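Q: One structure is given below, represented as structure tokens, and several questions about it will come after.
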Amino acid sequence: MRVTLLNGALPADANVHYSDPWPMSKLPSAAEYLVAQARYTYDPASSGFHYTLVNDTHAASAVKVTVVDTTPSITAGTVRVIGLVADVVTVEDIDISAGAGVYTTVEAAFTEIILVKSFGLATLGGSGDETIAAEWDTGAESIVDATNLVEQTENFNVFLQTTLDGGATWCDIANFHFQITSAVKVSAIKITTALAANTTPTSAGMSADAILSGLLGDFVRLAYVAEYAFSGSSIAVDVVVH
Amino acid sequence: MSQVTLVSGAIHAAGTRETDAYHIGRNARYLAAQVDFVRTSGGTTIDVYIQTSLDNGATWADVMNFSLATTTARKVSAVVVTTALAAAVTPTDGTLTANTILSGLIGSKIRVKTVVVGTYVGTLNVSAVVR
């Protein structure tokens with residue numbers, strides 16, 4: 001039997017949200033195996049955590065990004081610039097793993113910037129002196145005033161949960177962890193897996209992409225939480241039970 | 001039977017108690033149990049034994065132990081019939097090693113035995129799902 005537990009846009013806040021419980025006890029036969037699939041579609045143009053823009057429109061131009069790393073410490077990272085080119089949303093990722101420097105977008109005809117963000121930063125904080133600034137390549141008008149370079153990966157967690165007490169408390173049995181890339185993930189739970197004795201269950205606290213096989217109650221539901229506003233991104237979760 | 005609440009409410013006085021037996025039928029293949037222990041004050045230890053019977057309740061065998069002390073906790077364990085039970089196991093009744101299970105043994109009835117040491121103020125809920 002298949003059921004869709006969730007299908008829609010991500011929540012607009014950072015609270016934990018829940019799907020309606022789905023009663024496996026109403027299945028014609030006892031459920032012994034549950035497989036879940038989470039389909040996550042990330043919308044880079046409208047997702048939330050990014051630097052504040054000061055002059056987002058301009059005559060067609062490339063964008064120049066300046067990274068300062070006075071005490072060299074950056075070994076990995078990406079700056080994402082999203083803007084309009086001839087009214088078409090265009091995404092360009094700039095590799096800043098080389099650390100301090102001035103980086104210019106390959107795209108030379110942005111007329112509006114929608115978002116500038118940084119993510120995947122490694123060995124950040126050598127002296128806490130890393131900054132980022134962005135400006136229009138022609139005219140040198142600021143897009144992002146110099147500010148601290150920060151990790152802006154967005155985390156979206158979906159927890160598949162079950163209950164042994166009719167819904168009074170819930171136990172995570174699978175986690176699907178997503179960031180800033182669209183992805184499809186599947187996990188399976190079966191009752192024949194040996195569950196460690198005296199396990200302490202979590203509720204919306206399981207580690208990323210983990211499972212707790214061997215535990216299957218009468219109901220399942222989803223708990224899901226977006227670390228930052230993810231407007232435009234969407235999630236669909238289906239389960240099949242045998 | 002699927003979900004059942006075996007114990008619910010205030011922690012009983014020091015001593016040993018057993019719940020009524022619950023018939024789980026002939027086709028049970030899986031038993032999962034949850035202990036939800038909330039301690040307000042007092043007490044020393046509580047041992048919760050999930051037990052099953054192969055002789056219609058004449059004798060009982062421990063299949064799970066949840067060992068609790070003075071920290072509020074929620075714990076889960078599960079046993080299945082597909083686990084190979086060691087040959088000629090000597091079952092225990094209220095003495096299973098703390099925080100262990102005996103998987104591979106599910107009879108036709110289950111119950112809970114609780115052994116409370118000390119005087120607790122708090123609640124203890126034990127629920128189970130059988131499928």
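Ordering of the structure tokens sets the chain letters (A, B, ...), residue numbers begin anew at 1 in every chain, and ligands are numbered from 1 in the order given.
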Residues at most 12 Å from Val79 in chain B, counting only C-alpha atoms, excluding those fewer than 5 positions away in the same chain, as a ChimeraX atom specification?
A: /A:191-198,214-216 /B:28-33,50-52,62-65,84-85,100-107,128-131
Q: Please produce an output containing N, CA and C atoms for each residue in the selection, written as a short mmCIF file (atom, residue, chain, number, x, y, z; two decimals), in the first residue's frame.
A:
```
data_model
loop_
_atom_site.label_atom_id
_atom_site.label_comp_id
_atom_site.auth_asym_id
_atom_site.auth_seq_id
_atom_site.Cartn_x
_atom_site.Cartn_y
_atom_site.Cartn_z
N ILE A 191 10.65 -4.77 10.49
CA ILE A 191 10.54 -5.21 11.88
C ILE A 191 11.51 -6.34 12.20
N THR A 192 12.05 -6.99 11.18
CA THR A 192 12.96 -8.11 11.43
C THR A 192 14.39 -7.66 11.72
N THR A 193 14.66 -6.38 11.59
CA THR A 193 15.97 -5.87 11.98
C THR A 193 16.05 -5.86 13.51
N ALA A 194 17.18 -6.30 14.03
CA ALA A 194 17.35 -6.32 15.49
C ALA A 194 17.53 -4.90 16.01
N LEU A 195 16.59 -4.47 16.81
CA LEU A 195 16.69 -3.16 17.45
C LEU A 195 17.52 -3.31 18.72
N ALA A 196 18.49 -2.46 18.91
CA ALA A 196 19.29 -2.52 20.13
C ALA A 196 18.39 -2.37 21.35
N ALA A 197 18.63 -3.18 22.37
CA ALA A 197 17.81 -3.12 23.57
C ALA A 197 17.93 -1.76 24.23
N ASN A 198 16.80 -1.30 24.76
CA ASN A 198 16.79 -0.09 25.58
C ASN A 198 17.27 1.14 24.80
N GLY A 214 13.80 -1.66 12.82
CA GLY A 214 13.39 -2.56 13.89
C GLY A 214 12.30 -1.98 14.77
N LEU A 215 11.87 -0.77 14.47
CA LEU A 215 10.84 -0.13 15.29
C LEU A 215 9.72 0.37 14.38
N LEU A 216 8.56 -0.22 14.53
CA LEU A 216 7.42 0.15 13.68
C LEU A 216 6.15 0.03 14.50
N ALA B 28 1.29 -13.38 16.26
CA ALA B 28 2.19 -12.27 16.57
C ALA B 28 3.61 -12.60 16.14
N ARG B 29 4.20 -11.68 15.41
CA ARG B 29 5.57 -11.90 14.92
C ARG B 29 6.54 -10.85 15.47
N TYR B 30 5.99 -9.82 16.10
CA TYR B 30 6.82 -8.66 16.47
C TYR B 30 6.20 -7.99 17.68
N LEU B 31 7.03 -7.68 18.65
CA LEU B 31 6.57 -6.98 19.85
C LEU B 31 7.53 -5.83 20.12
N ALA B 32 7.02 -4.62 20.06
CA ALA B 32 7.81 -3.43 20.40
C ALA B 32 7.20 -2.79 21.63
N ALA B 33 8.04 -2.35 22.54
CA ALA B 33 7.54 -1.74 23.77
C ALA B 33 8.26 -0.43 24.05
N ILE B 50 9.16 -6.77 30.43
CA ILE B 50 8.10 -7.20 29.52
C ILE B 50 8.21 -8.72 29.45
N GLN B 51 7.08 -9.38 29.73
CA GLN B 51 7.12 -10.84 29.84
C GLN B 51 6.12 -11.48 28.88
N THR B 52 6.41 -12.69 28.50
CA THR B 52 5.50 -13.45 27.66
C THR B 52 5.28 -14.83 28.29
N ASP B 62 10.82 -13.41 30.93
CA ASP B 62 11.21 -12.04 30.56
C ASP B 62 11.71 -12.00 29.11
N VAL B 63 11.25 -11.00 28.36
CA VAL B 63 11.82 -10.80 27.02
C VAL B 63 12.46 -9.41 26.88
N MET B 64 12.17 -8.52 27.80
CA MET B 64 12.82 -7.21 27.79
C MET B 64 12.98 -6.73 29.22
N ASN B 65 14.05 -6.01 29.46
CA ASN B 65 14.21 -5.28 30.73
C ASN B 65 14.53 -3.83 30.43
N ALA B 84 16.82 -16.18 15.77
CA ALA B 84 17.05 -17.57 16.22
C ALA B 84 17.32 -17.58 17.72
N LEU B 85 16.41 -18.20 18.44
CA LEU B 85 16.58 -18.31 19.89
C LEU B 85 17.57 -19.44 20.19
N THR B 100 18.47 -5.43 28.62
CA THR B 100 18.70 -6.43 27.57
C THR B 100 17.36 -6.95 27.08
N ILE B 101 17.42 -7.72 26.00
CA ILE B 101 16.22 -8.35 25.45
C ILE B 101 16.50 -9.83 25.23
N LEU B 102 15.43 -10.57 25.08
CA LEU B 102 15.53 -11.97 24.66
C LEU B 102 14.66 -12.09 23.42
N SER B 103 15.26 -11.84 22.27
CA SER B 103 14.50 -11.88 21.02
C SER B 103 14.37 -13.32 20.55
N GLY B 104 13.28 -13.59 19.82
CA GLY B 104 13.04 -14.94 19.32
C GLY B 104 12.03 -15.71 20.14
N LEU B 105 11.47 -15.05 21.17
CA LEU B 105 10.52 -15.73 22.05
C LEU B 105 9.28 -14.84 22.22
N ILE B 106 8.19 -15.21 21.57
CA ILE B 106 6.92 -14.50 21.74
C ILE B 106 5.83 -15.55 21.89
N GLY B 107 5.21 -15.53 23.05
CA GLY B 107 4.15 -16.50 23.31
C GLY B 107 2.79 -15.96 22.93
N ALA B 128 2.82 -0.95 24.18
CA ALA B 128 3.41 -1.92 23.28
C ALA B 128 2.60 -1.99 21.99
N VAL B 129 3.30 -2.39 20.95
CA VAL B 129 2.64 -2.66 19.67
C VAL B 129 3.01 -4.09 19.28
N VAL B 130 1.99 -4.85 18.93
CA VAL B 130 2.20 -6.23 18.49
C VAL B 130 1.69 -6.34 17.06
N ARG B 131 2.46 -6.99 16.22
CA ARG B 131 1.96 -7.21 14.86
C ARG B 131 2.37 -8.58 14.36
#
```
Q: Using only C-alpha atoms, which residues sit within 8 Å of Val35 in chain A once same-chain residues fewer than 6 positions away are excluded, as an MDAnalysis selection string?
A: chainID A and resid 186:189 239:241
Q: Residues of chain A within 12 Å of chain B, using only C-alpha atoms, as a PyMOL selection string?
A: chain A and resi 23-33+162-173+190-203+212-219
Q: So which residues touch His12 in chain B within 12 Å, counting only C-alpha atoms, skipping near sequence neighbours fewer than 2 positions away, as a ChimeraX atom specification?
A: /B:7-10,14-19,43,46,113-125
Q: Any chance you could export the current selection's N, CA and C atoms as a compact mmCIF listing (two decimals), in the first residue's frame?
A:
```txt
# COMPACT_ATOMS: atom_id res chain seq x y z
N VAL B 7 0.87 -0.15 31.20
CA VAL B 7 0.99 0.53 32.49
C VAL B 7 0.79 2.01 32.23
N SER B 8 0.03 2.67 33.10
CA SER B 8 -0.18 4.10 32.91
C SER B 8 -0.52 4.75 34.24
N GLY B 9 0.26 5.78 34.60
CA GLY B 9 -0.09 6.54 35.80
C GLY B 9 1.05 6.65 36.78
N ALA B 10 0.68 6.93 38.03
CA ALA B 10 1.68 7.16 39.08
C ALA B 10 2.47 5.87 39.36
N ALA B 14 6.97 0.88 46.69
CA ALA B 14 8.06 -0.08 46.62
C ALA B 14 7.51 -1.51 46.65
N GLY B 15 8.10 -2.35 45.80
CA GLY B 15 7.65 -3.73 45.74
C GLY B 15 7.53 -4.20 44.30
N THR B 16 6.96 -5.37 44.13
CA THR B 16 6.82 -5.99 42.81
C THR B 16 5.35 -6.13 42.45
N ARG B 17 5.05 -5.76 41.23
CA ARG B 17 3.66 -5.90 40.77
C ARG B 17 3.65 -6.41 39.33
N GLU B 18 2.58 -7.11 39.01
CA GLU B 18 2.38 -7.55 37.63
C GLU B 18 1.06 -7.02 37.12
N THR B 19 1.03 -6.70 35.85
CA THR B 19 -0.22 -6.27 35.23
C THR B 19 -1.05 -7.50 34.87
N GLY B 43 12.77 7.80 45.18
CA GLY B 43 13.02 6.54 44.51
C GLY B 43 14.49 6.19 44.38
N ILE B 46 13.90 1.30 39.34
CA ILE B 46 12.72 0.59 38.83
C ILE B 46 13.19 -0.33 37.71
N LYS B 113 5.96 -6.82 34.47
CA LYS B 113 6.31 -6.91 35.90
C LYS B 113 7.18 -5.71 36.23
N THR B 114 6.84 -5.01 37.28
CA THR B 114 7.65 -3.87 37.72
C THR B 114 8.16 -4.11 39.13
N VAL B 115 9.42 -3.83 39.31
CA VAL B 115 10.06 -3.95 40.63
C VAL B 115 10.56 -2.56 41.02
N VAL B 116 9.88 -1.98 42.00
CA VAL B 116 10.21 -0.62 42.44
C VAL B 116 10.96 -0.68 43.76
N VAL B 117 12.10 0.02 43.81
CA VAL B 117 12.87 0.16 45.04
C VAL B 117 12.86 1.63 45.43
N GLY B 118 12.42 1.90 46.64
CA GLY B 118 12.31 3.28 47.08
C GLY B 118 10.94 3.85 46.79
N THR B 119 10.72 5.04 47.25
CA THR B 119 9.42 5.68 47.09
C THR B 119 9.54 6.82 46.06
N TYR B 120 8.93 6.61 44.94
CA TYR B 120 8.99 7.59 43.85
C TYR B 120 7.78 8.51 43.85
N VAL B 121 8.02 9.72 43.40
CA VAL B 121 6.93 10.58 42.93
C VAL B 121 7.18 10.76 41.45
N GLY B 122 6.25 10.31 40.65
CA GLY B 122 6.45 10.39 39.20
C GLY B 122 5.45 9.50 38.50
N THR B 123 5.64 9.36 37.19
CA THR B 123 4.72 8.53 36.40
C THR B 123 5.50 7.52 35.58
N LEU B 124 4.81 6.44 35.27
CA LEU B 124 5.39 5.39 34.44
C LEU B 124 4.33 4.92 33.46
N ASN B 125 4.66 5.03 32.19
CA ASN B 125 3.76 4.54 31.15
C ASN B 125 4.49 3.49 30.32
```
Q: Which residues in range 17-229 of chain A does DSSP call strand (DSSP E or B)? List them as a VMD selection string.
A: chain A and resid 17 to 18 22 to 23 33 to 41 57 to 61 63 to 69 76 to 85 88 to 95 101 to 104 110 to 122 130 to 136 142 to 148 156 to 163 171 to 178 183 to 190 199 211 219 to 226
Q: In Å, rounded to a single decimal, give me how far CA of Pro21 in chain A is from CA of Val158 in chain A.
A: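 Calculated distance between CA of Val158 in chain A and CA of Pro21 in chain A is 14.5 Å.
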Q: Have a look at A:Thr104, A:Thr70, A:Ser233, A:Thr147 and name the one nearest to Gly126 in chain A; count only C-alpha atoms.
A: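 Counting only C-alpha atoms, the residue closest to Gly126 in chain A is A:Thr70.
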Q: For range 63-68 of chain A, please output as a PyMOL selection string all residues within 10 Å (counting only C-alpha atoms; exclusion window: fewer than 5 positions along the same chain).
A: chain A and resi 74+79+81+83+94+96+98-111+113+116+129-138+140-144+146-149
Q: May I ask which of the residues A:Thr78, A:Asn55, A:Thr4, A:Thr90 is the closest one to Ile180 in chain A, counting only C-alpha atoms?
A: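 Selected residue with least distance to Ile180 in chain A: A:Thr78.
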Q: Any idea what the distance is between CA of Leu222 in chain A and CA of Glu154 in chain A?
A: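 We find that CA of Leu222 in chain A and CA of Glu154 in chain A lie 19.4 Å from each other.
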Q: Within 9 Å of Gln152 in chain A, counting only C-alpha atoms, which residues qualify if same-chain residues fewer than 6 places away don't, as a list in words?
A: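 Listing them by chain and then by number gives Phe49, His50, Lys117, Ser118, Phe119, Gly120 and Leu121 of chain A.
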